[in-house]
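A quick write-up on the structure given underneath.
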Amino acid sequence: MKAGVINPLVIATLLLNGSAFADENSKTDEDTVFVSAKQSPNSASAQNVSSTRVSGSELTDAHVSRTDQLGDVLPGLNITHSGSLLFPSISLRGISSAQDFFNPAVSIYVDGVPQLSTFSSQLLSGDIESVEMLRGPQGTLYGKSAQGGVINIVTRKPDGETRASIEGGYATRNGYHGRLNASGTLVEDMLYASASVQRQVENGPFTNPATGSDDLGGTKANNGNLNLRFAPSASPWEASVMLNSECTRASQDTYLDGNDLHNRELLVSAGGKDPKINRCTRSQTLASQYTTDAWLVSLTAGWQQQHYERDFPYSAYAVHMPQDWNMNVQELRAATRGDDNPLDAVFGLYRQDTRGTYNQRMQYAGMTVSDTQAWNDAETLAAYSDLTWHLTDKLDLGGGVRFSHDKAKTRYQFSSLPQTYTGSTSDSQWLGQLSAGYQFTPEFRVWTRAAQGYKPAGYSIAPSAGTAESYDAEKSINYELGARYDNGEVALQSTLFHTRTKDVQLYSGPTGMQSLNNAGKARATGVELDASWAFTPGWRAQINGGYVNSTFDGEDSPYPDKRLPFVPLYNAGASINGIIDTPIGDLMPRVAINVVGKHYFDGDNAVEQGTYATTNLRLGWQATRNVQLATWVDNLFDKRYSTYGMVGAPGQNWVQINQGLTAGIDVKIDLF
């Protein structure tokens with residue numbers, strides 16, 4: 001950790017911890033407010049918003065073990081890889097990464113810390129408590145820019161309960177995984193700890209005719225984390241230290257001929273090498289919170305360091321791309337709590353500093369044709385507030401404001417050019433949101449909301465021309481009208497929304513020479529529906545669907561009336577799961593179908609993926625109280641589809657395709 005990142009917010013962590021000894025109010029686990037709910041549950045920002053929450057057990061039932069699989073359980077979310085696991089393309093409500101993979105449209109938080117963009121695709125490590133998604137801009141509620149929405153991943157806090165489990169499994173293509181979790185008390189009523197280690201191997205089905213390798217397209221990941229929680233039982237404060245490390249070896253960047261999605265041979269010329277990625281990411285988090293009857297004050301400081309090496313061949317070209325990233329964030333929040341507040345509020349301060357070094361060497365037929373080095377810095381300082389006025393016990397009004405100041409610097413040089421190019425830019429943004437909600441009955445609520453979002457100005461991480469030109473901030477405003485009904489057995493949520501965006505940030509230019517630029521205006525109009533029904537004890541059916549028409553708008557766009565990349569025209573899903581009591585133990589079947597509509601991978605809409613559907617099955621068996629086994633099949637009918645594509649030679653597109661049918665068996669043993 002560098003001394004330069006120690007700042008007043010970090011110092012405040014220590015002051016917050018020390019001052020807490022003055023308050024002797026007791027605190028139970030029920031008083032703990034997790035990352036996904038660091039606000040009053042009665043606030044407008046908790047009520048007047050479209051959201052989905054899934055528990056850790058629901059993730060297990062859906063066989064979701066990585067963040068890039070969350071689209072299977074979070075309706076409306078679409079996540080694919082733009083080349084490799086380093087660059088997931090994320091879209092939600094018509095707001096898309098649009099190949100701007102260094103600044104995703106959806107912010108991913110893990111235990112209060114936003115993740116590096118190149119670490120958005122990661123294992124769901126540790127003991128997952130829940131994953132929650134808030135749709136639409138959330139910049140007045142969270143520190144990091146959250147234009148399309150926020151995904152909160154919350155791990156279970158260690159407490160006085162002793163828990164330990166071991167699990168493992170085997171899958172087709174010689175895939176396997178293993179994990180060990182343990183949690184319990186170190187010092188009674190004061191100090192608790194949890195630890196987890198895991199390994200997950202998923203081999204791919206692709207072959208390289210130039211080398212003979214036949215298991216490309218997969219990953220081999222190792223992860224370990226440790227959480228120390230200091231929570232005196234008679235004190236209103238607590239503090240945690242969390243450490244996480246994940247290293248992944250992958251053979252992705254597997255490009256094939258888009259005219260034959262059943263082909264498994266890479267487009268690599270004779271003498272070419274296998275694609276390769278080695279990525280290691282280390283994370284450290286220092287978190288503290290102080291609770292009174294009326295307020296919850298929390299402070300989180302996080303650091304992430306990442307190094308990766310990326311090698312990928314295409315045709316007669318070969319690219320070597322090492323990068324280093326360092327990010328540190330600090331976020332101070334104060335939120336009201338309790339049930340009878342005439343006003344609820346959230347106040348926050350946020351700082352983020354990200355620094356990266358980028359190198360790229362491109363060779364053709366063994367000869368170096370370009371060698372690029374780049375250094376990029378970006379910093380955000382933000383203050384935000386979110387307020388709720390409870391006019392009556394049924395009607396509330398919400399409002400929020402955010403001020404952000406962003407700075408970016410770049411410096412790069414090409415081996416073929418004599419000079420070094422430098423640039424710096426900064427801008428400030430004021431954002432706001434307004435909402436109103438009415439609780440007709442304890443089960444039924446309607447709301448309306450208007451909120452602004454943005455992605456900051458900056459520079460292309462990988463410049464492709466002899467200039468240092470910045471792109472402008474992308475700004476949007478989202479309007480929505482929603483309704484929610486939940487009586488414990490039937491839950492319904494539906495939202496109509498319309499989003500207008502200007503200065504859309506989009507990678508454009510010839511393949512291999514793209515840079516990030518502004519692509520004019522865009523608009524998105526859509527509808528979302530999410531429903532579940534507990535139709536008999538132990539059984540639940542779910543259905544969801546959405547339609548979004550997201551297009552470039554206006555003559556100032558180079559792509560007028562064309563669809564935004566990576567945004568499916570529609571999506572739908574249905575699942576049914578339950579428990580069957582048998583003499584040999586409970587059986588827990590689950591069937592799920594997911595449909596993804598037509599979408600494109602480029603602004604010109606030249607590379608298209610049509611509508612496709614996948615079917616997943618799982619059958620769990622609670623053999624004993626402590627032993628659970630499960631068999632599963634993903635993509636039962638072996639549907640092949642493109643996950644990413646780009647324009648190649650005339651009459652040929654370069655695409656990446658999914659891995660097809662995968663099956664396996666898992667076992668989990670609860671030791672304590």
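In the structure tokens, the first chain shown is A, the next is B, and so on; residue numbers restart at 1 for each chain, and ligands run from 1 in the order shown.
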**Item:** Surrounding residues of A:Ser121 excluding itself and chain neighbours under 3 positions, 12 Å, only C-alpha atoms, as a PyMOL selection string
**Value:** chain A and resi 65-70+79-82+84-90+101+104+107-110+115-118+124-125+219+221+246+248+279+281
The selected residues should be written to file as a PDB file, in the first residue's frame (atoms: C-alpha atoms).
```pdb
ATOM      1  CA  SER A  65     -20.664 -19.188  -9.462  1.00  0.00           C
ATOM      2  CA  ARG A  66     -19.273 -16.161 -11.371  1.00  0.00           C
ATOM      3  CA  THR A  67     -20.392 -12.580 -11.840  1.00  0.00           C
ATOM      4  CA  ASP A  68     -20.686 -13.028 -15.603  1.00  0.00           C
ATOM      5  CA  GLN A  69     -23.462 -15.574 -14.936  1.00  0.00           C
ATOM      6  CA  LEU A  70     -25.598 -13.152 -12.920  1.00  0.00           C
ATOM      7  CA  ILE A  79     -23.339  -9.810 -19.554  1.00  0.00           C
ATOM      8  CA  THR A  80     -21.010 -11.227 -22.200  1.00  0.00           C
ATOM      9  CA  HIS A  81     -17.245 -11.164 -22.758  1.00  0.00           C
ATOM     10  CA  SER A  82     -15.833  -8.628 -25.212  1.00  0.00           C
ATOM     11  CA  SER A  84     -12.026 -12.182 -22.821  1.00  0.00           C
ATOM     12  CA  LEU A  85     -12.916 -12.184 -19.128  1.00  0.00           C
ATOM     13  CA  LEU A  86     -10.987  -8.907 -18.794  1.00  0.00           C
ATOM     14  CA  PHE A  87     -13.656  -6.997 -20.684  1.00  0.00           C
ATOM     15  CA  PRO A  88     -17.218  -7.992 -19.840  1.00  0.00           C
ATOM     16  CA  SER A  89     -19.814  -6.073 -21.815  1.00  0.00           C
ATOM     17  CA  ILE A  90     -22.721  -5.191 -19.551  1.00  0.00           C
ATOM     18  CA  PHE A 101     -15.103  -1.994 -21.203  1.00  0.00           C
ATOM     19  CA  PRO A 104     -18.934  -0.450 -17.532  1.00  0.00           C
ATOM     20  CA  SER A 107     -21.215  -0.596 -11.202  1.00  0.00           C
ATOM     21  CA  ILE A 108     -20.356  -3.812  -9.334  1.00  0.00           C
ATOM     22  CA  TYR A 109     -19.761  -3.558  -5.589  1.00  0.00           C
ATOM     23  CA  VAL A 110     -18.353  -6.316  -3.376  1.00  0.00           C
ATOM     24  CA  GLN A 115     -14.480  -3.283  -8.472  1.00  0.00           C
ATOM     25  CA  LEU A 116     -11.872  -2.579 -11.109  1.00  0.00           C
ATOM     26  CA  SER A 117     -13.508  -2.726 -14.524  1.00  0.00           C
ATOM     27  CA  THR A 118     -11.086  -5.479 -15.578  1.00  0.00           C
ATOM     28  CA  LEU A 124     -18.375 -15.330  -6.377  1.00  0.00           C
ATOM     29  CA  SER A 125     -15.978 -16.087  -3.562  1.00  0.00           C
ATOM     30  CA  THR A 219     -10.369 -20.692 -17.304  1.00  0.00           C
ATOM     31  CA  ALA A 221      -9.036 -19.771 -11.255  1.00  0.00           C
ATOM     32  CA  GLU A 246      -7.744 -14.251  -7.177  1.00  0.00           C
ATOM     33  CA  THR A 248      -6.818 -16.818 -13.212  1.00  0.00           C
ATOM     34  CA  ARG A 279      -4.553 -12.254 -14.357  1.00  0.00           C
ATOM     35  CA  THR A 281      -5.936  -9.337  -8.517  1.00  0.00           C
TER      36      THR A 281
END
```
**Message:** Just want the 8 Å neighbourhood of stretch 382-398 of chain A, counted on only C-alpha atoms, with same-chain residues fewer than 6 positions away dropped. Output as a list in words.
**Reply:** Ser43, Ala44, Ser45, Gly139, Thr140, Leu141, Tyr142, Gly143, Asn341, Pro342, Leu343, Asp344, Ala345, Val346, Phe347, Gly348, Leu349, Tyr350, Arg351, Ser404, His405, Gln433, Leu434, Ser435, Ala436, Gly437, Tyr438, Gln439 and Phe440 of chain A
Go ahead and write the selection's residues with C-alpha atoms as a PDB file, in the first residue's frame.
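In the end it all went to result_20.pdb:
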```pdb
ATOM      1  CA  SER A  43     -36.565   5.676   2.199  1.00  0.00           C
ATOM      2  CA  ALA A  44     -37.668   6.634  -1.277  1.00  0.00           C
ATOM      3  CA  SER A  45     -34.448   5.278  -2.762  1.00  0.00           C
ATOM      4  CA  GLY A 139     -25.376   8.418  -8.394  1.00  0.00           C
ATOM      5  CA  THR A 140     -27.150  10.168  -5.492  1.00  0.00           C
ATOM      6  CA  LEU A 141     -26.986   6.974  -3.418  1.00  0.00           C
ATOM      7  CA  TYR A 142     -23.549   5.513  -4.231  1.00  0.00           C
ATOM      8  CA  GLY A 143     -20.182   7.132  -4.727  1.00  0.00           C
ATOM      9  CA  ASN A 341     -38.720   9.332  10.834  1.00  0.00           C
ATOM     10  CA  PRO A 342     -40.610  12.169   9.138  1.00  0.00           C
ATOM     11  CA  LEU A 343     -37.441  12.601   7.033  1.00  0.00           C
ATOM     12  CA  ASP A 344     -34.949   9.976   5.892  1.00  0.00           C
ATOM     13  CA  ALA A 345     -31.584  10.885   4.467  1.00  0.00           C
ATOM     14  CA  VAL A 346     -28.302   9.601   3.094  1.00  0.00           C
ATOM     15  CA  PHE A 347     -25.180  11.780   2.933  1.00  0.00           C
ATOM     16  CA  GLY A 348     -21.916  10.664   1.396  1.00  0.00           C
ATOM     17  CA  LEU A 349     -18.406  11.621   0.334  1.00  0.00           C
ATOM     18  CA  TYR A 350     -16.469   9.560  -2.193  1.00  0.00           C
ATOM     19  CA  ARG A 351     -12.983   9.452  -3.667  1.00  0.00           C
ATOM     20  CA  SER A 404     -18.701  15.058  -9.039  1.00  0.00           C
ATOM     21  CA  HIS A 405     -15.341  16.376 -10.129  1.00  0.00           C
ATOM     22  CA  GLN A 433     -33.088  12.642  -8.978  1.00  0.00           C
ATOM     23  CA  LEU A 434     -36.731  13.066  -7.961  1.00  0.00           C
ATOM     24  CA  SER A 435     -39.273  10.393  -7.055  1.00  0.00           C
ATOM     25  CA  ALA A 436     -42.732   9.951  -5.580  1.00  0.00           C
ATOM     26  CA  GLY A 437     -44.315   6.786  -4.233  1.00  0.00           C
ATOM     27  CA  TYR A 438     -47.733   5.837  -2.914  1.00  0.00           C
ATOM     28  CA  GLN A 439     -48.436   2.725  -0.801  1.00  0.00           C
ATOM     29  CA  PHE A 440     -52.054   1.908  -1.628  1.00  0.00           C
TER      30      PHE A 440
END
```
**Residues near stretch 150-155 of chain A, cut-off 8 Å, only C-alpha atoms, skip fewer than 2 positions along chain, as an MDAnalysis selection string** = chainID A and resid 34:36 106:112 126:135 138 146 148 157
**Neighbour list for A:Ser415 as a ChimeraX atom specification, cut-off 8 Å, only C-alpha atoms, skip fewer than 5 positions in-chain** = /A:370-372
Which residues of stretch 249-342 of chain A have any atom within 8 Å of an atom in stretch 229-240 of chain A when counting only C-alpha atoms, and what is the closest pair of atoms for each, with the distance in Å to one decimal? Order the rows by chain and rising number and write it as CSV.
```
residue,atom,partner,partner_atom,distance
A:Thr285,CA,A:Ser240,CA,7.8
A:Leu286,CA,A:Ser240,CA,5.9
A:Ala287,CA,A:Ser240,CA,5.1
A:Ser288,CA,A:Ala239,CA,4.2
A:Gln289,CA,A:Trp237,CA,5.6
A:Tyr290,CA,A:Trp237,CA,4.3
A:Thr291,CA,A:Pro236,CA,5.2
A:Thr292,CA,A:Pro236,CA,6.8
```
Can those selected residues be exported to a file as a CSV table (one decimal), in the first residue's frame so that it contains N, CA and C atoms?
```
chain,number,residue,atom,x,y,z
A,285,THR,N,-9.7,-4.4,2.1
A,285,THR,CA,-10.8,-3.5,2.5
A,285,THR,C,-10.7,-3.3,4.0
A,286,LEU,N,-10.9,-2.0,4.4
A,286,LEU,CA,-11.0,-1.6,5.8
A,286,LEU,C,-12.3,-1.0,5.9
A,287,ALA,N,-13.2,-1.6,6.7
A,287,ALA,CA,-14.6,-1.1,6.8
A,287,ALA,C,-15.0,-0.9,8.3
A,288,SER,N,-15.7,0.2,8.6
A,288,SER,CA,-16.2,0.5,9.9
A,288,SER,C,-17.6,1.1,9.9
A,289,GLN,N,-18.4,0.8,10.9
A,289,GLN,CA,-19.7,1.4,11.0
A,289,GLN,C,-20.0,1.6,12.5
A,290,TYR,N,-20.8,2.7,12.7
A,290,TYR,CA,-21.2,3.2,14.0
A,290,TYR,C,-22.7,3.4,14.0
A,291,THR,N,-23.4,2.7,14.9
A,291,THR,CA,-24.8,2.7,14.9
A,291,THR,C,-25.4,3.4,16.1
A,292,THR,N,-26.4,4.3,15.9
A,292,THR,CA,-27.2,4.9,17.0
A,292,THR,C,-28.6,4.5,16.7
```
**Request:** Determine, counting only C-alpha atoms, which protein, DNA and RNA residues have an atom within 10 Å of an atom of A:Ala531; residues of the same chain fewer than 3 positions away are not included. Present the result as a list in words.
**Result:**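 Residues near the query, excluding close chain neighbours: Arg484, Tyr485, Asp486, Val490, Ala491, Leu492, Gln493, Ser494, Ala541, Gln542, Ile543, Asn544, Gly545 and Ala574 of chain A.
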**Request:** Identify, on the basis of only C-alpha atoms, every residue whose closest approach to stretch 611-624 of chain A does not exceed 9 Å; exclude the query and any residue fewer than 5 positions from it along the same chain; express the result as a ChimeraX atom specification.
**Result:** /A:61-63,568-570,584-599,629-641,666
For the selection you just gave me, I'd like the residues written to a file as an mmCIF file, in the first residue's frame, keeping C-alpha atoms.
```cif
data_model
loop_
_atom_site.group_PDB
_atom_site.id
_atom_site.type_symbol
_atom_site.label_atom_id
_atom_site.label_comp_id
_atom_site.auth_asym_id
_atom_site.auth_seq_id
_atom_site.Cartn_x
_atom_site.Cartn_y
_atom_site.Cartn_z
ATOM 1 C CA ASP A 61 -29.775 -23.539 -7.083
ATOM 2 C CA ALA A 62 -29.221 -21.659 -10.361
ATOM 3 C CA HIS A 63 -25.628 -22.919 -10.598
ATOM 4 C CA PRO A 568 -30.802 -7.209 -26.730
ATOM 5 C CA LEU A 569 -34.126 -6.152 -28.202
ATOM 6 C CA TYR A 570 -35.856 -8.242 -25.555
ATOM 7 C CA ILE A 584 -34.204 -41.102 1.025
ATOM 8 C CA GLY A 585 -34.169 -37.337 1.642
ATOM 9 C CA ASP A 586 -35.468 -34.178 0.013
ATOM 10 C CA LEU A 587 -35.136 -33.842 -3.753
ATOM 11 C CA MET A 588 -34.856 -30.276 -5.091
ATOM 12 C CA PRO A 589 -35.472 -29.973 -8.853
ATOM 13 C CA ARG A 590 -35.076 -26.754 -10.845
ATOM 14 C CA VAL A 591 -35.798 -26.016 -14.494
ATOM 15 C CA ALA A 592 -34.945 -22.630 -16.041
ATOM 16 C CA ILE A 593 -35.285 -21.194 -19.547
ATOM 17 C CA ASN A 594 -33.622 -17.945 -20.604
ATOM 18 C CA VAL A 595 -34.281 -16.122 -23.871
ATOM 19 C CA VAL A 596 -32.039 -13.361 -25.277
ATOM 20 C CA GLY A 597 -33.265 -11.266 -28.199
ATOM 21 C CA LYS A 598 -31.454 -10.024 -31.266
ATOM 22 C CA HIS A 599 -28.519 -7.693 -30.685
ATOM 23 C CA LEU A 629 -25.513 -33.686 -3.785
ATOM 24 C CA ALA A 630 -26.629 -32.210 -7.089
ATOM 25 C CA THR A 631 -26.503 -33.013 -10.784
ATOM 26 C CA TRP A 632 -26.914 -30.263 -13.362
ATOM 27 C CA VAL A 633 -26.969 -29.534 -17.071
ATOM 28 C CA ASP A 634 -26.442 -26.066 -18.540
ATOM 29 C CA ASN A 635 -27.612 -25.394 -22.109
ATOM 30 C CA LEU A 636 -29.452 -28.714 -22.338
ATOM 31 C CA PHE A 637 -30.085 -28.501 -26.099
ATOM 32 C CA ASP A 638 -26.527 -27.396 -26.928
ATOM 33 C CA LYS A 639 -27.572 -24.077 -28.472
ATOM 34 C CA ARG A 640 -24.695 -22.275 -30.233
ATOM 35 C CA TYR A 641 -24.613 -18.478 -30.377
ATOM 36 C CA ASP A 666 -21.556 -31.381 -7.134
#
```
Surrounding residues of A:Val113 excluding itself and chain neighbours under 5 positions, 8 Å, only C-alpha atoms, as a CSV table (one decimal) with C-alpha atoms, in the first residue's frame:
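Saved to result_28.csv:
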```csv
chain,number,residue,atom,x,y,z
A,285,THR,CA,-10.8,-3.5,2.5
A,300,THR,CA,-15.1,2.0,3.7
A,301,ALA,CA,-11.6,2.2,2.3
A,302,GLY,CA,-10.6,-0.3,-0.4
A,329,VAL,CA,-11.4,4.2,-3.0
```
**Prompt:** Residues of stretch 550-666 of chain A in strand (DSSP E or B) according to DSSP, as a VMD selection string?
**Reply:** chain A and resid 550 to 553 563 570 to 577 580 586 to 596 599 to 600 608 to 609 612 to 622 627 to 634 642 to 647 653 to 657 662 to 666
Can you check which parts of stretch 270-375 of chain A lie within 12 Å of stretch 201-207 of chain A? Per residue, the shortest pair of atoms and distance in Å to one decimal, counting only C-alpha atoms, sorted by chain and number, as JSON lines.
```
{"residue": "A:Lys273", "atom": "CA", "partner": "A:Thr207", "partner_atom": "CA", "distance": 11.4}
{"residue": "A:Asp274", "atom": "CA", "partner": "A:Thr207", "partner_atom": "CA", "distance": 9.2}
{"residue": "A:Pro275", "atom": "CA", "partner": "A:Thr207", "partner_atom": "CA", "distance": 10.8}
```
**Request:** Point out the residue among A:Tyr644, A:Tyr308, A:Tyr358, A:Phe497 with the least atom-to-atom distance to A:Ala450, counting only C-alpha atoms.
**Result:**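 Closest candidate: A:Phe497.
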